[in-house]
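S.K.: Pasting data.txt below, which is compact mmCIF, C-alpha atoms.
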# COMPACT_ATOMS: atom_id res chain seq x y z
CA ALA A 11 -0.06 0.55 -13.15
CA VAL A 12 0.81 0.67 -9.45
CA GLN A 13 -2.25 2.84 -8.73
CA ILE A 14 -4.51 0.40 -10.58
CA ALA A 15 -3.06 -2.55 -8.65
CA ILE A 16 -3.58 -0.74 -5.35
CA ARG A 17 -7.16 0.03 -6.37
CA GLN A 18 -7.73 -3.68 -7.05
CA ALA A 19 -6.28 -4.64 -3.69
CA VAL A 20 -8.60 -2.18 -1.94
CA GLN A 21 -11.57 -3.42 -3.95
CA THR A 22 -10.85 -7.04 -3.06
CA ASN A 23 -10.44 -6.24 0.65
CA GLU A 24 -13.67 -4.21 0.74
CA PHE A 25 -15.56 -6.95 -1.10
CA LEU A 26 -14.43 -9.67 1.30
CA THR A 27 -15.37 -7.46 4.27
CA LEU A 28 -18.77 -6.85 2.67
CA MET A 29 -19.30 -10.60 2.26
CA LEU A 30 -18.42 -11.22 5.91
CA HIS A 31 -21.02 -8.65 6.92
CA ALA A 32 -23.56 -10.24 4.56
CA GLN A 33 -22.98 -13.69 6.03
CA ALA A 34 -23.43 -12.25 9.51
CA GLN A 35 -26.88 -11.12 8.33
CA GLY A 36 -27.73 -14.59 7.02
CA LEU A 37 -27.09 -13.68 3.37
CA ASP A 38 -24.97 -16.10 1.36
CA PRO A 39 -24.78 -15.16 -2.33
CA ILE A 40 -23.05 -17.17 -5.04
CA VAL A 41 -19.98 -15.34 -6.31
CA LEU A 42 -19.53 -15.43 -10.10
CA LYS A 43 -16.10 -15.08 -11.78
CA GLY A 44 -14.43 -11.97 -10.27
CA ILE A 45 -12.44 -12.96 -7.21
CA VAL A 46 -12.88 -16.68 -8.00
CA VAL A 47 -10.97 -16.38 -11.27
CA ARG A 48 -8.69 -13.57 -10.12
CA SER A 49 -7.34 -15.74 -7.31
CA LEU A 50 -6.00 -18.27 -9.86
CA TYR A 51 -3.52 -15.81 -11.37
CA PRO A 52 0.09 -15.70 -10.10
CA LYS A 53 -0.47 -12.08 -8.97
CA PRO A 54 -4.22 -11.67 -8.44
CA ILE A 55 -4.15 -7.89 -7.94
CA LEU A 56 -2.82 -7.52 -11.49
CA ARG A 57 -5.93 -9.22 -12.92
CA LEU A 58 -8.31 -6.27 -12.80
CA SER A 59 -12.05 -6.52 -12.16
CA VAL A 60 -14.47 -3.66 -12.61
CA ASP A 61 -17.10 -5.25 -10.39
CA GLU A 62 -18.09 -8.33 -8.43
CA ASP A 63 -21.08 -10.36 -9.61
CA LEU A 64 -23.40 -12.08 -7.15
CA LEU A 65 -26.11 -14.61 -7.96
CA ILE A 66 -29.04 -14.63 -5.54
CA SER A 67 -32.49 -16.12 -5.20
CA PRO A 68 -35.10 -13.65 -6.55
CA VAL A 69 -37.05 -13.83 -3.28
CA GLU A 70 -34.05 -12.42 -1.41
CA ALA A 71 -33.61 -9.32 -3.57
CA GLU A 72 -35.27 -6.94 -1.10
CA ASN A 73 -33.12 -8.28 1.77
CA TYR A 74 -29.95 -7.68 -0.23
CA HIS A 75 -31.15 -4.23 -1.22
CA ARG A 76 -31.66 -3.24 2.41
CA PHE A 77 -28.30 -4.78 3.36
CA PHE A 78 -26.38 -2.83 0.71
CA LEU A 79 -28.05 0.41 1.78
CA SER A 80 -27.01 -0.31 5.36
CA GLU A 81 -23.42 -0.74 4.14
CA SER A 82 -23.48 2.70 2.45
CA LEU A 83 -23.79 1.31 -1.06
CA THR A 84 -25.97 3.26 -3.48
CA PRO A 85 -28.09 1.72 -6.26
CA ASP A 86 -27.04 2.91 -9.73
CA GLU A 87 -30.71 3.33 -10.62
CA PRO A 88 -32.53 4.36 -7.42
CA GLU A 89 -35.94 4.27 -9.10
CA THR A 90 -35.58 0.64 -10.23
CA ASP A 91 -38.20 -1.80 -8.95
CA VAL A 92 -36.12 -4.18 -6.82
CA GLU A 93 -38.66 -6.98 -7.09
CA ALA A 94 -39.21 -6.69 -10.86
CA SER A 95 -35.66 -6.09 -12.09
CA ASP A 96 -33.51 -9.07 -13.17
CA GLU A 97 -30.28 -7.25 -12.38
CA LEU A 98 -29.36 -4.61 -9.81
CA SER A 99 -26.09 -2.72 -9.41
CA TYR A 100 -24.64 -0.86 -6.44
CA HIS A 101 -21.59 1.31 -5.90
CA LYS A 102 -19.89 2.93 -2.93
CA HIS A 103 -19.02 6.62 -3.04
CA ASP A 104 -15.28 7.34 -3.19
CA SER A 105 -14.58 3.62 -3.30
CA PRO A 106 -13.78 1.04 -6.02
CA THR A 107 -16.51 -1.26 -4.65
CA TYR A 108 -19.08 -2.02 -7.34
CA ILE A 109 -21.57 -4.90 -7.05
CA GLU A 110 -23.86 -6.41 -9.67
CA LEU A 111 -26.69 -8.48 -8.23
CA HIS A 112 -28.20 -11.13 -10.52
CA LYS A 113 -31.44 -13.06 -10.00
CA SER A 114 -30.42 -15.41 -12.82
CA PRO A 115 -27.00 -15.93 -14.42
CA PHE A 116 -28.07 -13.95 -17.50
CA THR A 117 -30.74 -11.37 -18.15
CA LYS A 118 -33.61 -12.25 -20.45
CA SER A 119 -32.52 -11.92 -24.07
CA ASP A 120 -33.45 -13.38 -27.44
CA ALA A 121 -29.74 -13.55 -28.24
CA TYR A 122 -28.32 -15.32 -25.19
CA GLY A 123 -31.29 -16.00 -22.90
CA ASP A 124 -30.98 -19.74 -23.64
CA CYS A 125 -27.82 -19.73 -21.51
CA ASN A 126 -29.95 -19.72 -18.35
CA SER A 127 -31.28 -23.18 -19.22
CA LEU A 128 -27.80 -24.59 -18.49
CA PHE A 129 -27.86 -23.46 -14.85
CA LYS A 130 -31.24 -24.67 -13.54
CA ASP A 131 -29.73 -26.68 -10.67
CA ALA A 132 -26.43 -24.82 -10.39
CA ILE A 133 -27.29 -23.35 -6.99
CA LYS A 134 -27.80 -26.86 -5.58
CA ARG A 135 -24.34 -27.86 -6.84
CA ALA A 136 -22.58 -24.76 -5.47
CA VAL A 137 -19.31 -25.22 -3.58
CA ARG A 138 -17.38 -23.22 -1.00
CA LEU A 139 -13.93 -21.74 -1.56
CA SER A 140 -11.75 -19.69 0.78
CA PHE A 141 -10.16 -16.35 -0.13
CA ASP A 142 -7.91 -14.76 2.49
CA ASP A 143 -9.68 -16.76 5.22
CA VAL A 144 -13.14 -15.72 3.97
CA THR A 145 -15.25 -18.65 2.73
CA LEU A 146 -17.57 -17.84 -0.16
CA LEU A 147 -20.18 -19.79 -2.08
CA THR A 148 -19.51 -20.16 -5.81
CA LEU A 149 -20.45 -22.33 -8.77
CA ALA A 150 -19.05 -25.86 -9.08
CA PRO A 151 -16.19 -26.09 -11.62
CA THR A 152 -18.23 -27.40 -14.58
CA ASP A 153 -20.97 -24.83 -13.99
CA HIS A 154 -18.44 -22.06 -13.61
CA LEU A 155 -16.63 -22.90 -16.82
CA LEU A 156 -19.96 -22.95 -18.66
CA TYR A 157 -20.73 -19.58 -17.12
CA LEU A 158 -17.41 -18.13 -18.29
CA ILE A 159 -18.03 -19.41 -21.83
CA CYS A 160 -21.58 -18.06 -21.91
CA HIS A 161 -20.45 -14.74 -20.45
CA ALA A 162 -17.80 -14.46 -23.15
CA TYR A 163 -20.48 -15.24 -25.76
CA LYS A 164 -22.70 -12.46 -24.41
CA HIS A 165 -19.81 -9.99 -24.73
CA PHE A 166 -18.96 -11.35 -28.18
CA LEU A 167 -22.46 -10.45 -29.39
CA TYR A 168 -22.58 -6.96 -27.91
CA SER A 169 -19.12 -5.53 -27.28
CA GLY A 170 -16.47 -8.06 -28.25
CA VAL A 171 -14.43 -10.62 -26.33
CA GLY A 172 -11.29 -9.36 -24.66
CA VAL A 173 -8.07 -11.28 -24.14
CA ARG A 174 -8.69 -11.13 -20.37
CA GLN A 175 -11.81 -13.29 -20.79
CA VAL A 176 -9.89 -15.81 -22.89
CA CYS A 177 -7.15 -15.90 -20.25
CA ASP A 178 -9.75 -16.45 -17.52
CA ILE A 179 -11.13 -19.49 -19.34
CA ALA A 180 -7.64 -20.85 -19.97
CA ILE A 181 -6.41 -20.44 -16.39
CA PHE A 182 -9.68 -21.79 -14.95
CA THR A 183 -9.42 -24.86 -17.20
CA GLU A 184 -5.80 -25.35 -16.19
CA LYS A 185 -6.77 -25.30 -12.50
CA TYR A 186 -9.97 -27.37 -12.61
CA GLY A 187 -9.59 -29.42 -15.80
CA GLU A 188 -9.63 -32.80 -14.05
CA GLU A 189 -12.81 -31.91 -12.12
CA ILE A 190 -14.75 -30.65 -15.15
CA ASP A 191 -17.35 -32.82 -16.86
CA TRP A 192 -16.17 -32.26 -20.44
CA GLU A 193 -18.97 -34.33 -21.97
CA ARG A 194 -21.45 -31.99 -20.33
CA ILE A 195 -19.53 -28.93 -21.55
CA VAL A 196 -19.71 -30.19 -25.15
CA HIS A 197 -23.35 -31.26 -24.84
CA ASP A 198 -24.56 -28.07 -23.17
CA CYS A 199 -22.71 -25.76 -25.54
CA ALA A 200 -24.14 -27.66 -28.51
CA SER A 201 -27.65 -27.52 -27.02
CA ILE A 202 -27.69 -23.71 -27.28
CA ARG A 203 -25.58 -23.61 -30.46
CA ILE A 204 -22.41 -22.06 -29.03
CA ASP A 205 -20.18 -25.12 -29.41
CA ARG A 206 -18.21 -23.64 -32.32
CA PHE A 207 -17.81 -20.40 -30.39
CA ALA A 208 -16.48 -22.34 -27.37
CA ALA A 209 -14.11 -24.31 -29.60
CA ALA A 210 -12.78 -21.03 -31.00
CA LEU A 211 -12.14 -19.70 -27.51
CA PHE A 212 -10.13 -22.78 -26.59
CA ARG A 213 -8.20 -22.61 -29.85
CA VAL A 214 -7.26 -19.00 -29.06
Please express the file's structure as structure tokens.
M.R.:
Amino acid sequence: AVQIAIRQAVQTNEFLTLMLHAQAQGLDPIVLKGIVVRSLYPKPILRLSVDEDLLISPVEAENYHRFFLSESLTPDEPETDVEASDELSYHKHDSPTYIELHKSPFTKSDAYGDCNSLFKDAIKRAVRLSFDDVTLLTLAPTDHLLYLICHAYKHFLYSGVGVRQVCDIAIFTEKYGEEIDWERIVHDCASIRIDRFAAALFRV
């Protein structure tokens, strides 16, 4: 348990350093869940994250690709067409750093592709939060809660929802409940037919 916590601390530190370097290069991605949710826990290093998810504009994909290569990160699939792929992942050798780069919140899918319709203007509403003196761009509270619900739904369809995801939604709601547009949450979930799923998550 101690080794896992240390690994998380190293991963967080390396990620924040990577984001500082990205910002110095004029790159400013939107951070999804990961450190944003982890920071809400009483002991953040005990809330484990496998990776960090970044939302970017599709036109910037090649710039991010070159930046990650310059930072000694390796693409998981070197032969992938950077311009054509909806999602790209990078890891660092002998390091816990693992980055998933998204051109849209969710990949195209008949099962959950409708989720993307809820985030058309999310980038325009993005906000800045500070983590250990590093300021990062992330989704506004209502958008982020919708993202957490949709992300849980995606996992529910393909691999199952874990208690960690339910805890993330609960602790995020506890922190930002007064800032969240609940009418929009209900409306948007109903619009893509996941309102009963969302209700079940909150009941849990």
S.K.: Taking all atoms listed in the file into account, which of A:Arg17, A:His31, A:Arg76, A:Lys113 comes nearest Asp61 in chain A?
M.R.: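 Closest to Asp61 in chain A of all the choices is A:Arg17.
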S.K.: Fewer than 2 positions away in the same chain doesn't count, so skip those; otherwise give me all residues within 12 Å of Tyr163 in chain A, counting only C-alpha atoms, as a PyMOL selection string.
M.R.: chain A and resi 116+121-125+156-161+165-172+175-176+199+202-211
S.K.: For the residues selected in the previous step, produce a file with C-alpha atoms as a compact mmCIF listing (two decimals), in the frame of the given file.
M.R.:
# COMPACT_ATOMS: atom_id res chain seq x y z
CA PHE A 116 -28.07 -13.95 -17.50
CA ALA A 121 -29.74 -13.55 -28.24
CA TYR A 122 -28.32 -15.32 -25.19
CA GLY A 123 -31.29 -16.00 -22.90
CA ASP A 124 -30.98 -19.74 -23.64
CA CYS A 125 -27.82 -19.73 -21.51
CA LEU A 156 -19.96 -22.95 -18.66
CA TYR A 157 -20.73 -19.58 -17.12
CA LEU A 158 -17.41 -18.13 -18.29
CA ILE A 159 -18.03 -19.41 -21.83
CA CYS A 160 -21.58 -18.06 -21.91
CA HIS A 161 -20.45 -14.74 -20.45
CA HIS A 165 -19.81 -9.99 -24.73
CA PHE A 166 -18.96 -11.35 -28.18
CA LEU A 167 -22.46 -10.45 -29.39
CA TYR A 168 -22.58 -6.96 -27.91
CA SER A 169 -19.12 -5.53 -27.28
CA GLY A 170 -16.47 -8.06 -28.25
CA VAL A 171 -14.43 -10.62 -26.33
CA GLY A 172 -11.29 -9.36 -24.66
CA GLN A 175 -11.81 -13.29 -20.79
CA VAL A 176 -9.89 -15.81 -22.89
CA CYS A 199 -22.71 -25.76 -25.54
CA ILE A 202 -27.69 -23.71 -27.28
CA ARG A 203 -25.58 -23.61 -30.46
CA ILE A 204 -22.41 -22.06 -29.03
CA ASP A 205 -20.18 -25.12 -29.41
CA ARG A 206 -18.21 -23.64 -32.32
CA PHE A 207 -17.81 -20.40 -30.39
CA ALA A 208 -16.48 -22.34 -27.37
CA ALA A 209 -14.11 -24.31 -29.60
CA ALA A 210 -12.78 -21.03 -31.00
CA LEU A 211 -12.14 -19.70 -27.51
S.K.: Name the closest residue to Ala15 in chain A among the candidates A:Pro68, A:Pro106, A:Pro88, A:Pro39; distances are taken between atoms, counting all atoms listed in the file.
M.R.: A:Pro106
S.K.: Please produce, as JSON lines, a per-residue contact table for range 26-92 of chain A versus range 181-185 of chain A (criterion: any atom at most 12 Å away, all atoms listed in the file considered), showing the nearest atom pair and its distance in Å to one decimal, sorted by chain then residue number.
M.R.:
{"residue": "A:Lys43", "atom": "CA", "partner": "A:Phe182", "partner_atom": "CA", "distance": 9.8}
{"residue": "A:Gly44", "atom": "CA", "partner": "A:Phe182", "partner_atom": "CA", "distance": 11.9}
{"residue": "A:Val46", "atom": "CA", "partner": "A:Phe182", "partner_atom": "CA", "distance": 9.2}
{"residue": "A:Val47", "atom": "CA", "partner": "A:Phe182", "partner_atom": "CA", "distance": 6.7}
{"residue": "A:Arg48", "atom": "CA", "partner": "A:Ile181", "partner_atom": "CA", "distance": 9.6}
{"residue": "A:Ser49", "atom": "CA", "partner": "A:Phe182", "partner_atom": "CA", "distance": 10.0}
{"residue": "A:Leu50", "atom": "CA", "partner": "A:Ile181", "partner_atom": "CA", "distance": 6.9}
{"residue": "A:Tyr51", "atom": "CA", "partner": "A:Ile181", "partner_atom": "CA", "distance": 7.4}
{"residue": "A:Pro52", "atom": "CA", "partner": "A:Ile181", "partner_atom": "CA", "distance": 10.2}
{"residue": "A:Arg57", "atom": "CA", "partner": "A:Ile181", "partner_atom": "CA", "distance": 11.8}
S.K.: Can I get the selection written as an mmCIF file, keeping the file's coordinate frame, with C-alpha atoms?
M.R.:
data_model
loop_
_atom_site.group_PDB
_atom_site.id
_atom_site.type_symbol
_atom_site.label_atom_id
_atom_site.label_comp_id
_atom_site.auth_asym_id
_atom_site.auth_seq_id
_atom_site.Cartn_x
_atom_site.Cartn_y
_atom_site.Cartn_z
ATOM 1 C CA LYS A 43 -16.100 -15.080 -11.780
ATOM 2 C CA GLY A 44 -14.430 -11.970 -10.270
ATOM 3 C CA VAL A 46 -12.880 -16.680 -8.000
ATOM 4 C CA VAL A 47 -10.970 -16.380 -11.270
ATOM 5 C CA ARG A 48 -8.690 -13.570 -10.120
ATOM 6 C CA SER A 49 -7.340 -15.740 -7.310
ATOM 7 C CA LEU A 50 -6.000 -18.270 -9.860
ATOM 8 C CA TYR A 51 -3.520 -15.810 -11.370
ATOM 9 C CA PRO A 52 0.090 -15.700 -10.100
ATOM 10 C CA ARG A 57 -5.930 -9.220 -12.920
#
S.K.: For Asp120 in chain A, which residue among A:Asn73, A:Asp104, A:Ala94, A:Lys164 is the nearest when counting only C-alpha atoms?
M.R.: A:Lys164
S.K.: Using all atoms listed in the file, which of the listed residues (A:Arg174, A:His154, A:Lys118, A:Arg194) sits closest to Val214 in chain A?
M.R.: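 For Val214 in chain A, the nearest of the candidates is A:Arg174.
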S.K.: Applying 12 Å and all atoms listed in the file, which residues near range 137-141 of chain A remain after dropping the ones on its own chain fewer than 2 positions away? List them as a ChimeraX atom specification.
M.R.: /A:22-23,25-27,29-30,38-42,44-50,54,132-135,143-154
S.K.: Could you check how far CA of Ala200 in chain A sits from CA of Asp96 in chain A, in Å to one decimal?
M.R.: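 Between these atoms lies a distance of 25.9 Å.
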S.K.: So which residues fall inside 6 Å of (-22.6, -10.0, -11.7) if we count only C-alpha atoms? Mind giving them as a PyMOL selection string?
M.R.: chain A and resi 62-64+110-112
S.K.: In terms of the shortest atom-to-atom distance over only C-alpha atoms, which of A:Glu193, A:Asp198, A:Glu97, A:Asp142 is closest to Ala19 in chain A?
M.R.: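 Ranked by minimum distance to Ala19 in chain A, first place goes to A:Asp142.
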S.K.: Within 12 Å of Thr90 in chain A, counting all atoms listed in the file, which residues qualify if same-chain residues fewer than 6 places away don't, as number ranges by chain?
M.R.: A: 72, 75, 96-100
S.K.: Limited to C-alpha atoms, could you put the picked residues into a file as a compact mmCIF listing (two decimals), keeping the file's coordinate frame?
M.R.:
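Produced file again37.txt, reproduced below:
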# COMPACT_ATOMS: atom_id res chain seq x y z
CA GLU A 72 -35.27 -6.94 -1.10
CA HIS A 75 -31.15 -4.23 -1.22
CA ASP A 96 -33.51 -9.07 -13.17
CA GLU A 97 -30.28 -7.25 -12.38
CA LEU A 98 -29.36 -4.61 -9.81
CA SER A 99 -26.09 -2.72 -9.41
CA TYR A 100 -24.64 -0.86 -6.44
